[in-house]
$ cat work.txt   # compact mmCIF, C-alpha atoms
# COMPACT_ATOMS: atom_id res chain seq x y z
CA MET A 1 6.30 33.61 -34.36
CA LEU A 2 8.31 34.73 -37.37
CA THR A 3 11.79 33.32 -37.79
CA ASP A 4 14.73 35.69 -38.04
CA GLY A 5 14.93 34.82 -41.75
CA ALA A 6 11.29 35.76 -42.28
CA LYS A 7 11.72 39.01 -40.37
CA GLU A 8 14.57 39.90 -42.71
CA GLN A 9 12.80 38.76 -45.90
CA TYR A 10 9.66 40.74 -45.11
CA ARG A 11 11.32 43.76 -43.44
CA ARG A 12 9.98 46.15 -46.10
CA GLN A 13 6.38 45.05 -45.64
CA LEU A 14 6.21 44.42 -41.88
CA ALA A 15 5.70 48.16 -41.39
CA LEU A 16 2.53 47.79 -43.48
CA ILE A 17 1.01 44.58 -42.18
CA GLY A 18 2.84 43.87 -38.91
CA GLU A 19 4.29 40.59 -37.70
CA ALA A 20 0.82 39.30 -36.88
CA GLY A 21 -0.29 40.05 -40.45
CA GLN A 22 2.76 38.33 -41.88
CA GLU A 23 2.08 35.28 -39.74
CA ARG A 24 -1.49 35.20 -41.07
CA LEU A 25 -0.16 35.19 -44.62
CA LEU A 26 2.28 32.38 -43.82
CA ARG A 27 -0.53 30.30 -42.32
CA ALA A 28 -2.95 31.04 -45.19
CA SER A 29 -4.05 28.77 -48.02
CA VAL A 30 -5.22 30.24 -51.31
CA LEU A 31 -6.76 28.67 -54.38
CA VAL A 32 -5.49 30.09 -57.66
CA ALA A 33 -7.99 28.79 -60.19
CA GLY A 34 -6.31 28.91 -63.57
CA ALA A 35 -2.62 29.35 -64.36
CA GLY A 36 -2.83 31.66 -67.36
CA GLY A 37 -2.14 35.38 -67.58
CA LEU A 38 -4.09 36.23 -64.43
CA GLY A 39 -3.24 33.10 -62.47
CA THR A 40 0.52 33.34 -62.97
CA ALA A 41 0.53 37.00 -61.88
CA ILE A 42 -1.66 36.21 -58.86
CA ALA A 43 0.38 33.19 -57.78
CA LEU A 44 3.68 35.02 -58.10
CA GLN A 45 2.52 37.96 -55.99
CA CYS A 46 0.92 35.68 -53.38
CA ALA A 47 4.17 33.75 -53.08
CA PHE A 48 6.32 36.89 -52.81
CA ALA A 49 3.97 38.34 -50.18
CA GLY A 50 4.68 35.26 -48.07
CA ILE A 51 1.44 33.32 -48.35
CA GLY A 52 2.16 29.81 -47.09
CA ARG A 53 0.11 27.49 -49.27
CA ILE A 54 -0.95 27.95 -52.87
CA ARG A 55 -3.13 25.42 -54.66
CA ILE A 56 -2.92 26.11 -58.37
CA VAL A 57 -5.36 24.37 -60.68
CA ASP A 58 -5.20 24.27 -64.46
CA GLY A 59 -5.70 21.41 -66.91
CA ASP A 60 -3.94 23.04 -69.86
CA VAL A 61 -0.43 22.64 -71.19
CA ILE A 62 1.81 25.56 -72.13
CA GLU A 63 1.76 26.77 -75.73
CA ARG A 64 4.01 29.29 -77.42
CA THR A 65 1.09 31.78 -77.66
CA ASN A 66 0.99 31.89 -73.85
CA LEU A 67 4.47 33.34 -73.62
CA ASN A 68 3.46 37.00 -74.17
CA ARG A 69 1.76 37.16 -70.79
CA GLN A 70 1.97 34.03 -68.64
CA ILE A 71 4.97 35.17 -66.68
CA LEU A 72 5.95 31.95 -64.94
CA TYR A 73 6.74 30.08 -68.16
CA ARG A 74 9.69 29.94 -70.52
CA GLU A 75 10.21 28.49 -73.99
CA GLY A 76 11.49 25.22 -72.54
CA ASP A 77 8.18 24.74 -70.69
CA ILE A 78 6.12 24.40 -73.90
CA GLY A 79 4.12 21.16 -73.74
CA ARG A 80 4.29 20.87 -69.93
CA TYR A 81 1.27 21.19 -67.68
CA LYS A 82 0.88 24.82 -66.59
CA ALA A 83 0.18 23.89 -62.97
CA ASP A 84 3.36 21.81 -62.75
CA ALA A 85 5.56 24.42 -64.41
CA ALA A 86 4.06 27.18 -62.23
CA ALA A 87 4.72 25.18 -59.06
CA LEU A 88 8.32 24.60 -60.09
CA ARG A 89 8.88 28.28 -60.84
CA LEU A 90 7.34 29.38 -57.53
CA GLU A 91 9.44 26.97 -55.51
CA GLY A 92 12.02 28.64 -53.29
CA ILE A 93 10.46 32.13 -53.24
CA HIS A 94 10.23 31.66 -49.48
CA PRO A 95 11.18 28.68 -47.34
CA ASP A 96 7.69 28.01 -45.95
CA LEU A 97 5.96 28.02 -49.34
CA ARG A 98 4.07 24.88 -50.29
CA VAL A 99 2.56 24.77 -53.76
CA GLU A 100 0.03 22.11 -54.70
CA ALA A 101 -0.17 21.74 -58.47
CA VAL A 102 -3.34 20.21 -59.90
CA HIS A 103 -3.40 19.65 -63.65
CA THR A 104 -7.13 19.20 -64.02
CA GLY A 105 -9.83 21.48 -65.40
CA ILE A 106 -12.44 22.85 -63.00
CA THR A 107 -15.79 21.07 -63.22
CA GLU A 108 -19.01 20.96 -61.25
CA LYS A 109 -17.83 17.65 -59.75
CA ASN A 110 -14.41 18.72 -58.51
CA VAL A 111 -14.81 22.42 -57.71
CA ASP A 112 -15.88 21.95 -54.07
CA ALA A 113 -12.86 19.75 -53.35
CA PHE A 114 -10.50 22.38 -54.77
CA VAL A 115 -12.06 25.15 -52.66
CA GLN A 116 -12.06 23.04 -49.50
CA GLY A 117 -9.34 24.06 -47.04
CA CYS A 118 -8.63 27.38 -48.79
CA ASP A 119 -9.12 30.75 -47.11
CA ILE A 120 -9.85 32.60 -50.35
CA VAL A 121 -10.46 31.78 -54.02
CA LEU A 122 -8.76 33.76 -56.77
CA ASP A 123 -10.17 33.78 -60.28
CA GLY A 124 -7.63 33.15 -63.00
CA MET A 125 -10.11 31.54 -65.37
CA ASP A 126 -10.78 32.45 -68.98
CA ASN A 127 -14.46 31.45 -69.10
CA TYR A 128 -17.62 32.26 -67.15
CA PRO A 129 -19.06 28.75 -66.70
CA ALA A 130 -15.99 27.89 -64.56
CA ARG A 131 -16.13 31.28 -62.82
CA TYR A 132 -19.80 30.74 -61.87
CA LEU A 133 -18.86 27.33 -60.42
CA LEU A 134 -16.04 28.86 -58.36
CA ASP A 135 -18.22 31.72 -57.11
CA ALA A 136 -20.92 29.25 -56.00
CA ALA A 137 -18.40 26.90 -54.36
CA ALA A 138 -16.73 29.79 -52.53
CA ARG A 139 -20.12 31.00 -51.32
CA ALA A 140 -20.94 27.52 -50.04
CA ALA A 141 -17.58 27.34 -48.25
CA ARG A 142 -18.08 30.90 -46.86
CA VAL A 143 -14.81 32.17 -48.30
CA PRO A 144 -14.35 35.18 -50.61
CA PHE A 145 -14.13 34.84 -54.38
CA VAL A 146 -11.95 37.48 -56.04
CA HIS A 147 -13.10 37.78 -59.64
CA GLY A 148 -10.85 39.16 -62.34
CA ALA A 149 -11.11 39.22 -66.13
CA VAL A 150 -9.24 40.91 -68.95
CA HIS A 151 -9.76 41.92 -72.57
CA GLY A 152 -7.18 43.89 -74.49
CA PHE A 153 -6.16 46.90 -72.41
CA TYR A 154 -9.27 46.52 -70.21
CA GLY A 155 -10.05 44.50 -67.13
CA GLN A 156 -12.25 44.26 -64.06
CA VAL A 157 -11.94 43.11 -60.45
CA SER A 158 -14.63 42.54 -57.84
CA THR A 159 -14.67 40.55 -54.60
CA PHE A 160 -17.73 38.48 -53.73
CA ILE A 161 -18.56 37.23 -50.24
CA ALA A 162 -21.60 35.14 -49.31
CA GLY A 163 -24.11 37.04 -47.19
CA ILE A 164 -22.36 40.35 -47.75
CA THR A 165 -22.22 41.07 -51.46
CA PRO A 166 -24.14 40.21 -54.60
CA CYS A 167 -22.67 37.37 -56.64
CA LEU A 168 -20.82 37.12 -59.94
CA ARG A 169 -24.09 36.47 -61.78
CA CYS A 170 -25.38 39.81 -60.54
CA LEU A 171 -22.34 41.54 -62.05
CA VAL A 172 -22.23 39.45 -65.22
CA PRO A 173 -25.67 37.89 -65.81
CA TYR A 174 -24.79 36.90 -69.37
CA PRO A 175 -21.20 35.96 -70.21
CA PRO A 176 -19.41 37.42 -73.22
CA PRO A 177 -18.67 34.94 -75.99
CA ASP A 178 -15.93 32.38 -75.33
CA GLY A 179 -12.82 32.28 -77.42
CA ALA A 180 -9.33 33.75 -77.59
CA VAL A 181 -9.47 37.46 -76.80
CA PRO A 182 -6.74 39.99 -77.55
CA ILE A 183 -4.61 40.47 -74.47
CA LEU A 184 -1.42 42.17 -73.37
CA GLY A 185 0.69 40.82 -70.53
CA VAL A 186 0.56 44.16 -68.73
CA THR A 187 -3.24 44.01 -68.49
CA ALA A 188 -3.22 40.52 -67.00
CA GLY A 189 -0.40 41.61 -64.69
CA ALA A 190 -2.25 44.72 -63.51
CA ILE A 191 -5.51 42.88 -62.86
CA GLY A 192 -3.76 39.87 -61.30
CA CYS A 193 -1.85 42.19 -58.95
CA ILE A 194 -5.08 43.91 -57.88
CA GLN A 195 -6.61 40.48 -57.21
CA ALA A 196 -3.57 39.47 -55.14
CA THR A 197 -3.89 42.77 -53.25
CA GLU A 198 -7.47 41.81 -52.37
CA ALA A 199 -6.25 38.46 -51.05
CA ILE A 200 -3.49 40.05 -48.95
CA LYS A 201 -5.89 42.63 -47.48
CA TYR A 202 -8.47 39.99 -46.65
CA LEU A 203 -5.97 37.59 -45.06
CA VAL A 204 -4.24 40.32 -43.06
CA GLY A 205 -7.50 42.05 -42.17
CA THR A 206 -6.68 45.52 -43.45
CA GLY A 207 -7.99 48.04 -45.95
CA SER A 208 -11.23 48.02 -47.92
CA LEU A 209 -12.11 45.17 -50.24
CA LEU A 210 -13.76 45.63 -53.64
CA THR A 211 -16.98 44.24 -52.18
CA SER A 212 -20.25 45.33 -53.83
CA ARG A 213 -18.01 47.34 -56.15
CA VAL A 214 -16.23 46.61 -59.39
CA LEU A 215 -12.95 48.19 -60.41
CA LEU A 216 -12.93 48.83 -64.16
CA TRP A 217 -9.39 49.15 -65.47
CA ASP A 218 -8.59 51.04 -68.66
CA GLY A 219 -4.91 50.71 -69.47
CA LEU A 220 -5.34 52.42 -72.84
CA GLY A 221 -7.05 55.52 -71.46
CA GLY A 222 -4.91 55.47 -68.33
CA ASP A 223 -7.65 55.35 -65.74
CA ALA A 224 -9.52 53.11 -63.37
CA VAL A 225 -13.07 53.67 -62.14
CA VAL A 226 -14.91 51.94 -59.31
CA GLU A 227 -18.64 51.42 -59.81
CA ALA A 228 -21.23 50.07 -57.38
CA VAL A 229 -22.51 46.52 -57.96
CA GLU A 230 -26.22 46.16 -57.21
CA GLY A 231 -27.68 42.70 -56.77
CA ASN A 232 -30.48 41.21 -58.83
CA PRO A 233 -33.39 40.89 -56.39
CA GLY A 234 -34.44 37.73 -58.23
CA CYS A 235 -30.96 36.23 -58.44
CA PRO A 236 -31.16 32.43 -58.14
CA VAL A 237 -27.65 32.29 -56.63
CA CYS A 238 -27.58 35.02 -53.99
CA GLY A 239 -31.04 36.59 -53.92
CA GLY A 240 -29.41 39.94 -54.61
CA THR A 241 -27.59 40.27 -51.30
CA ALA A 242 -26.15 43.77 -51.28
CA GLY A 243 -25.03 46.64 -49.24
CA ALA A 244 -23.39 45.15 -46.15
CA GLY A 245 -19.95 45.16 -47.75
CA ARG A 246 -19.96 48.85 -48.48
CA MET B 1 -34.25 65.70 -69.25
CA LYS B 2 -30.53 65.09 -68.96
CA VAL B 3 -28.82 61.79 -68.24
CA THR B 4 -25.12 61.11 -67.79
CA VAL B 5 -23.64 58.23 -69.75
CA LYS B 6 -20.41 56.54 -68.71
CA ALA B 7 -18.71 54.23 -71.19
CA PHE B 8 -16.28 51.50 -70.23
CA ALA B 9 -13.86 49.11 -71.91
CA ILE B 10 -14.01 48.80 -75.68
CA LEU B 11 -16.94 51.26 -75.90
CA ARG B 12 -14.48 54.03 -75.02
CA GLU B 13 -12.92 53.53 -78.42
CA HIS B 14 -16.18 54.79 -79.96
CA MET B 15 -17.45 57.48 -77.58
CA ASP B 16 -16.34 59.76 -74.75
CA ARG B 17 -15.88 58.10 -71.37
CA VAL B 18 -18.45 60.46 -69.81
CA THR B 19 -21.09 62.37 -71.73
CA THR B 20 -24.34 64.17 -70.91
CA VAL B 21 -27.30 63.53 -73.17
CA THR B 22 -30.59 65.43 -73.45
CA LEU B 23 -33.65 63.25 -74.01
CA ALA B 24 -37.39 63.84 -74.22
CA SER B 25 -39.35 63.29 -71.05
CA GLY B 26 -40.48 59.65 -70.80
CA ALA B 27 -37.54 58.31 -72.84
CA ASN B 28 -36.26 54.82 -72.17
CA VAL B 29 -32.95 52.99 -72.60
CA ARG B 30 -33.80 52.13 -76.20
CA ASP B 31 -34.20 55.84 -77.03
CA LEU B 32 -30.87 56.58 -75.37
CA LEU B 33 -29.04 53.90 -77.33
CA ASP B 34 -30.67 55.01 -80.59
CA LEU B 35 -29.37 58.51 -79.96
CA LEU B 36 -25.87 57.35 -79.01
CA THR B 37 -25.48 54.97 -81.93
CA ALA B 38 -26.66 57.67 -84.35
CA ARG B 39 -24.02 59.99 -82.92
CA HIS B 40 -21.08 57.61 -82.67
CA ALA B 41 -20.08 55.50 -85.66
CA GLY B 42 -18.99 52.01 -84.67
CA LEU B 43 -20.93 51.95 -81.42
CA ALA B 44 -23.87 49.99 -82.83
CA GLY B 45 -21.58 47.09 -83.73
CA GLU B 46 -20.42 46.86 -80.12
CA LEU B 47 -23.94 47.05 -78.64
CA PHE B 48 -26.27 45.27 -81.05
CA THR B 49 -26.42 41.87 -82.76
CA ALA B 50 -29.00 43.28 -85.20
CA PRO B 51 -30.61 46.73 -85.41
CA GLY B 52 -32.24 47.34 -82.03
CA VAL B 53 -31.29 43.94 -80.59
CA LEU B 54 -28.92 44.40 -77.68
CA LYS B 55 -26.02 41.97 -77.21
CA GLU B 56 -27.15 40.09 -74.12
CA TYR B 57 -23.79 40.33 -72.34
CA VAL B 58 -23.47 44.12 -72.59
CA ASN B 59 -24.31 45.40 -69.12
CA ILE B 60 -26.28 48.62 -68.93
CA LEU B 61 -26.49 49.91 -65.39
CA LYS B 62 -29.06 52.52 -64.41
CA ASN B 63 -27.74 54.15 -61.24
CA GLY B 64 -25.82 50.93 -60.56
CA ARG B 65 -28.66 48.49 -61.27
CA ASN B 66 -28.53 46.30 -64.36
CA ILE B 67 -31.45 46.99 -66.73
CA HIS B 68 -31.73 43.20 -67.19
CA PHE B 69 -33.19 43.26 -63.65
CA ILE B 70 -35.53 46.19 -64.37
CA ALA B 71 -37.27 46.28 -67.74
CA GLY B 72 -34.45 45.78 -70.22
CA MET B 73 -34.40 48.21 -73.12
CA ASP B 74 -37.84 49.47 -72.03
CA THR B 75 -36.42 50.70 -68.70
CA LYS B 76 -37.61 54.27 -68.22
CA LEU B 77 -35.07 57.01 -67.68
CA GLU B 78 -35.39 59.96 -65.37
CA ASP B 79 -33.68 63.31 -65.17
CA GLY B 80 -30.31 62.97 -63.44
CA ASP B 81 -29.90 59.23 -64.09
CA VAL B 82 -26.38 57.89 -64.50
CA ILE B 83 -26.17 55.16 -67.12
CA ALA B 84 -23.06 52.98 -67.27
CA LEU B 85 -22.37 50.92 -70.39
CA PHE B 86 -20.12 48.04 -69.40
CA PRO B 87 -19.33 45.10 -71.66
CA PRO B 88 -17.61 42.66 -69.26
CA ALA B 89 -14.17 41.28 -70.01
CA GLY B 90 -13.93 37.50 -70.22
CA GLY B 91 -10.29 36.56 -70.71
CA GLY B 92 -7.82 35.36 -68.16
$ encode --input "work.txt" --output "C-alpha cells"
Amino acid sequence: MLTDGAKEQYRRQLALIGEAGQERLLRASVLVAGAGGLGTAIALQCAFAGIGRIRIVDGDVIERTNLNRQILYREGDIGRYKADAAALRLEGIHPDLRVEAVHTGITEKNVDAFVQGCDIVLDGMDNYPARYLLDAAARAARVPFVHGAVHGFYGQVSTFIAGITPCLRCLVPYPPPDGAVPILGVTAGAIGCIQATEAIKYLVGTGSLLTSRVLLWDGLGGDAVVEAVEGNPGCPVCGGTAGAGR
Amino acid sequence: MKVTVKAFAILREHMDRVTTVTLASGANVRDLLDLLTARHAGLAGELFTAPGVLKEYVNILKNGRNIHFIAGMDTKLEDGDVIALFPPAGGG
C-alpha cells in the first residue's frame, strides 16, 4: 500500500504503471554493476523511478576525467570511492530508498554474492570479462541481465534472460580491445536511461523488453536501430537459446 | 546477386548506413568486404588488422546470425541476404 507521500511523489507516473507497479518498484532490489558513465545514469533513474533497493558496486575512485559524464560526482568527490559518493548523492531521492555501496571490483569469486537477492542486474561495466561474469551469474540466479556499452556517440543495449534469450557471448563473442574509449556524457546518459527503462518494464511487468534483440544507438547520425540477436548453436554458456523472448 | 549491407557505429563514418551491393553468384563474405573496402577509404582500417585479416571483435551478421558461428569470412552469400556490420561498443 503506497503512502500518501508516495502517491504524491509518483502522481505523474502512476497513470503509466499503476499503484501495483509502483509498489513492485518500491519492493525491488537492483544490482548496478559499475558506477561510471552508465552506472551513474542507471542508478539515478532507478532511484527517481522509486526502486527501493540499489546495490551499487565499483572498486574505483573518482578522477577528474570522470567528470564529463559520471553525473553523480562533483569536483569535491575526486579521490573518493565511486560507490560511496554515488550512494551519498542518491540518498533522499525518496524516503524508502536504501543504497548499498560496495567499493570492490567484480571478480569470479564475488560476482554471485553481488547478484544474490537482486531482481535484475544492470551492466555499468567498462570491460567484457566482468560483463561475461555478470551475465553468467545472472543466468545462474535466473534474473535478467541488461547489457549496455558505449563508444563515442554510439552505444548498444540488449537484455538477456536464461532460458529465453541467447547470452552476451552470442552477441559479443570476442570483446573489443580494453582501454579508455572516447565518450560523451550524453551517450552514456542515453544508454543508461534505456537500460533503466528495461529494469522498470521488467519489474512492473509492462512493455516489451529488448530480449533476443539489440538496440544500436547512433547519436551522431540521429537514429537507433533494433536488430535480432541469434544465438550461437555451439555456445558454451547458453547453447544458443533463442526465440522465446521475441 | 544483390545483398543489403547495414553499417553500425564507427563504420558509419566510412560508408552509408544502408547500401545494396551486387556480387557474383557464389560470392562469400570475404568478397563482399573486399568490394566494400575498395569502395570506401578508411573502412579497411576499421575491419582488418592486416590485409584480409578481420578484427576478431567486429561482428558480421548474416540475416542476424554471426558469421563466427557459420564459416567466418568463407560464409557464402545468397541473393537477398542482409549483412550487418557491427563493431560492439565496450565502454561504460
$ closest_atom_pairs --input "work.txt" --of "chain A" --to "chain B" --cutoff "6 Å" --atoms "all atoms listed in the file" --output "Markdown table"
| residue | atom | partner | partner_atom | distance |
| --- | --- | --- | --- | --- |
| A:Gly37 | CA | B:Gly92 | CA | 5.7 |
| A:Leu38 | CA | B:Gly92 | CA | 5.3 |
| A:Gly124 | CA | B:Gly92 | CA | 5.6 |
| A:Met125 | CA | B:Gly92 | CA | 5.3 |
| A:Asp126 | CA | B:Gly92 | CA | 4.2 |
| A:Ala149 | CA | B:Gly90 | CA | 5.3 |
| A:Val150 | CA | B:Gly91 | CA | 4.8 |
| A:His151 | CA | B:Ala89 | CA | 5.1 |
| A:Tyr154 | CA | B:Ala9 | CA | 5.5 |
| A:Gly155 | CA | B:Ala89 | CA | 6.0 |
| A:Tyr174 | CA | B:Tyr57 | CA | 4.6 |
| A:Pro175 | CA | B:Tyr57 | CA | 5.5 |
| A:Pro176 | CA | B:Tyr57 | CA | 5.3 |
| A:Ala228 | CA | B:Gly64 | CA | 5.6 |
| A:Glu230 | CA | B:Arg65 | CA | 5.3 |
| A:Asn232 | CA | B:Phe69 | CA | 5.9 |
$ residues_around --input "work.txt" --residues "region 29-32 of chain B" --least-positions-apart "5" --cutoff "10 Å" --atoms "all atoms listed in the file" --output "number ranges by chain"
B: 3, 5, 21-24, 37-38, 52-54, 60, 62, 67, 71-77, 83
$ closest_residue --input "work.txt" --among "A:Ile71, A:Leu133, A:Ile161, A:Leu31" --to "Ile54 (chain A)" --atoms "all atoms listed in the file"
A:Leu31
$ atom_distance --input "work.txt" --atom1 "CA of Thr4 (chain B)" --atom2 "CA of Gly45 (chain B)"
21.5 Å
$ atom_distance --input "work.txt" --atom1 "CA of Met1 (chain B)" --atom2 "CA of Asp79 (chain B)"
4.8 Å
$ residues_around --input "work.txt" --residues "Val157 (chain A)" --least-positions-apart "4" --cutoff "6 Å" --atoms "all atoms listed in the file" --output "MDAnalysis selection string"
chainID A and resid 147:148 214:215
$ atom_distance --input "work.txt" --atom1 "CA of Gly231 (chain A)" --atom2 "CA of Leu168 (chain A)"
9.4 Å
$ residues_around --input "work.txt" --residues "Val121 (chain A)" --least-positions-apart "4" --cutoff "10 Å" --atoms "all atoms listed in the file" --output "list in words"
Ser29, Val30, Leu31, Val32, Ala33, Arg55, Phe114, Val115, Gln116, Leu134, Asp135, Ala137, Ala138, Val143, Pro144, Phe145, Val146, His147, Thr159, Phe160 and Ala199 of chain A
$ build_atoms --input "work.txt" --residues "region 74-84 of chain B" --atoms "all heavy atoms" --output "PDB file, keeping the file's coordinate frame"
ATOM      1  N   ASP B  74     -36.661  48.638 -72.305  1.00  0.00           N
ATOM      2  CA  ASP B  74     -37.840  49.470 -72.030  1.00  0.00           C
ATOM      3  C   ASP B  74     -37.721  50.216 -70.693  1.00  0.00           C
ATOM      4  O   ASP B  74     -38.651  50.937 -70.312  1.00  0.00           O
ATOM      5  CB  ASP B  74     -39.109  48.614 -72.022  1.00  0.00           C
ATOM      6  CG  ASP B  74     -39.369  47.986 -73.385  1.00  0.00           C
ATOM      7  OD1 ASP B  74     -39.079  48.662 -74.401  1.00  0.00           O
ATOM      8  OD2 ASP B  74     -39.823  46.831 -73.451  1.00  0.00           O
ATOM      9  N   THR B  75     -36.611  50.028 -69.991  1.00  0.00           N
ATOM     10  CA  THR B  75     -36.420  50.700 -68.700  1.00  0.00           C
ATOM     11  C   THR B  75     -36.513  52.217 -68.882  1.00  0.00           C
ATOM     12  O   THR B  75     -35.814  52.805 -69.706  1.00  0.00           O
ATOM     13  CB  THR B  75     -35.047  50.323 -68.112  1.00  0.00           C
ATOM     14  OG1 THR B  75     -35.007  48.911 -67.920  1.00  0.00           O
ATOM     15  CG2 THR B  75     -34.805  51.030 -66.784  1.00  0.00           C
ATOM     16  N   LYS B  76     -37.404  52.814 -68.120  1.00  0.00           N
ATOM     17  CA  LYS B  76     -37.610  54.270 -68.220  1.00  0.00           C
ATOM     18  C   LYS B  76     -36.440  55.031 -67.600  1.00  0.00           C
ATOM     19  O   LYS B  76     -35.862  54.596 -66.597  1.00  0.00           O
ATOM     20  CB  LYS B  76     -38.890  54.659 -67.458  1.00  0.00           C
ATOM     21  CG  LYS B  76     -40.165  54.146 -68.110  1.00  0.00           C
ATOM     22  CD  LYS B  76     -40.549  55.010 -69.288  1.00  0.00           C
ATOM     23  CE  LYS B  76     -41.879  54.548 -69.902  1.00  0.00           C
ATOM     24  NZ  LYS B  76     -41.962  54.940 -71.316  1.00  0.00           N
ATOM     25  N   LEU B  77     -36.127  56.144 -68.200  1.00  0.00           N
ATOM     26  CA  LEU B  77     -35.070  57.010 -67.680  1.00  0.00           C
ATOM     27  C   LEU B  77     -35.685  58.234 -67.016  1.00  0.00           C
ATOM     28  O   LEU B  77     -36.799  58.649 -67.376  1.00  0.00           O
ATOM     29  CB  LEU B  77     -34.133  57.431 -68.819  1.00  0.00           C
ATOM     30  CG  LEU B  77     -33.423  56.272 -69.526  1.00  0.00           C
ATOM     31  CD1 LEU B  77     -32.596  56.788 -70.695  1.00  0.00           C
ATOM     32  CD2 LEU B  77     -32.525  55.507 -68.548  1.00  0.00           C
ATOM     33  N   GLU B  78     -34.928  58.755 -66.072  1.00  0.00           N
ATOM     34  CA  GLU B  78     -35.390  59.960 -65.370  1.00  0.00           C
ATOM     35  C   GLU B  78     -34.266  60.989 -65.368  1.00  0.00           C
ATOM     36  O   GLU B  78     -33.086  60.623 -65.486  1.00  0.00           O
ATOM     37  CB  GLU B  78     -35.772  59.613 -63.932  1.00  0.00           C
ATOM     38  CG  GLU B  78     -37.034  58.768 -63.840  1.00  0.00           C
ATOM     39  CD  GLU B  78     -37.030  57.879 -62.610  1.00  0.00           C
ATOM     40  OE1 GLU B  78     -36.976  58.447 -61.505  1.00  0.00           O
ATOM     41  OE2 GLU B  78     -37.059  56.652 -62.757  1.00  0.00           O
ATOM     42  N   ASP B  79     -34.660  62.226 -65.214  1.00  0.00           N
ATOM     43  CA  ASP B  79     -33.680  63.310 -65.170  1.00  0.00           C
ATOM     44  C   ASP B  79     -32.652  63.042 -64.079  1.00  0.00           C
ATOM     45  O   ASP B  79     -33.006  62.680 -62.966  1.00  0.00           O
ATOM     46  CB  ASP B  79     -34.397  64.649 -64.900  1.00  0.00           C
ATOM     47  CG  ASP B  79     -33.465  65.841 -65.071  1.00  0.00           C
ATOM     48  OD1 ASP B  79     -32.784  65.909 -66.108  1.00  0.00           O
ATOM     49  OD2 ASP B  79     -33.405  66.669 -64.148  1.00  0.00           O
ATOM     50  N   GLY B  80     -31.372  63.165 -64.442  1.00  0.00           N
ATOM     51  CA  GLY B  80     -30.310  62.970 -63.440  1.00  0.00           C
ATOM     52  C   GLY B  80     -29.780  61.547 -63.371  1.00  0.00           C
ATOM     53  O   GLY B  80     -28.822  61.284 -62.634  1.00  0.00           O
ATOM     54  N   ASP B  81     -30.395  60.620 -64.105  1.00  0.00           N
ATOM     55  CA  ASP B  81     -29.900  59.230 -64.090  1.00  0.00           C
ATOM     56  C   ASP B  81     -28.453  59.163 -64.572  1.00  0.00           C
ATOM     57  O   ASP B  81     -28.033  59.944 -65.439  1.00  0.00           O
ATOM     58  CB  ASP B  81     -30.745  58.347 -65.017  1.00  0.00           C
ATOM     59  CG  ASP B  81     -32.018  57.847 -64.342  1.00  0.00           C
ATOM     60  OD1 ASP B  81     -32.153  58.010 -63.108  1.00  0.00           O
ATOM     61  OD2 ASP B  81     -32.870  57.298 -65.063  1.00  0.00           O
ATOM     62  N   VAL B  82     -27.733  58.197 -64.003  1.00  0.00           N
ATOM     63  CA  VAL B  82     -26.380  57.890 -64.500  1.00  0.00           C
ATOM     64  C   VAL B  82     -26.448  56.494 -65.117  1.00  0.00           C
ATOM     65  O   VAL B  82     -26.808  55.522 -64.445  1.00  0.00           O
ATOM     66  CB  VAL B  82     -25.338  57.924 -63.372  1.00  0.00           C
ATOM     67  CG1 VAL B  82     -23.963  57.531 -63.913  1.00  0.00           C
ATOM     68  CG2 VAL B  82     -25.282  59.309 -62.745  1.00  0.00           C
ATOM     69  N   ILE B  83     -26.122  56.429 -66.388  1.00  0.00           N
ATOM     70  CA  ILE B  83     -26.170  55.160 -67.120  1.00  0.00           C
ATOM     71  C   ILE B  83     -24.740  54.724 -67.421  1.00  0.00           C
ATOM     72  O   ILE B  83     -23.973  55.474 -68.024  1.00  0.00           O
ATOM     73  CB  ILE B  83     -26.956  55.315 -68.447  1.00  0.00           C
ATOM     74  CG1 ILE B  83     -28.357  55.876 -68.189  1.00  0.00           C
ATOM     75  CG2 ILE B  83     -27.004  53.981 -69.190  1.00  0.00           C
ATOM     76  CD1 ILE B  83     -29.246  55.001 -67.327  1.00  0.00           C
ATOM     77  N   ALA B  84     -24.396  53.523 -66.988  1.00  0.00           N
ATOM     78  CA  ALA B  84     -23.060  52.980 -67.270  1.00  0.00           C
ATOM     79  C   ALA B  84     -23.200  51.868 -68.309  1.00  0.00           C
ATOM     80  O   ALA B  84     -24.054  50.985 -68.166  1.00  0.00           O
ATOM     81  CB  ALA B  84     -22.431  52.443 -65.996  1.00  0.00           C
TER      82      ALA B  84
END
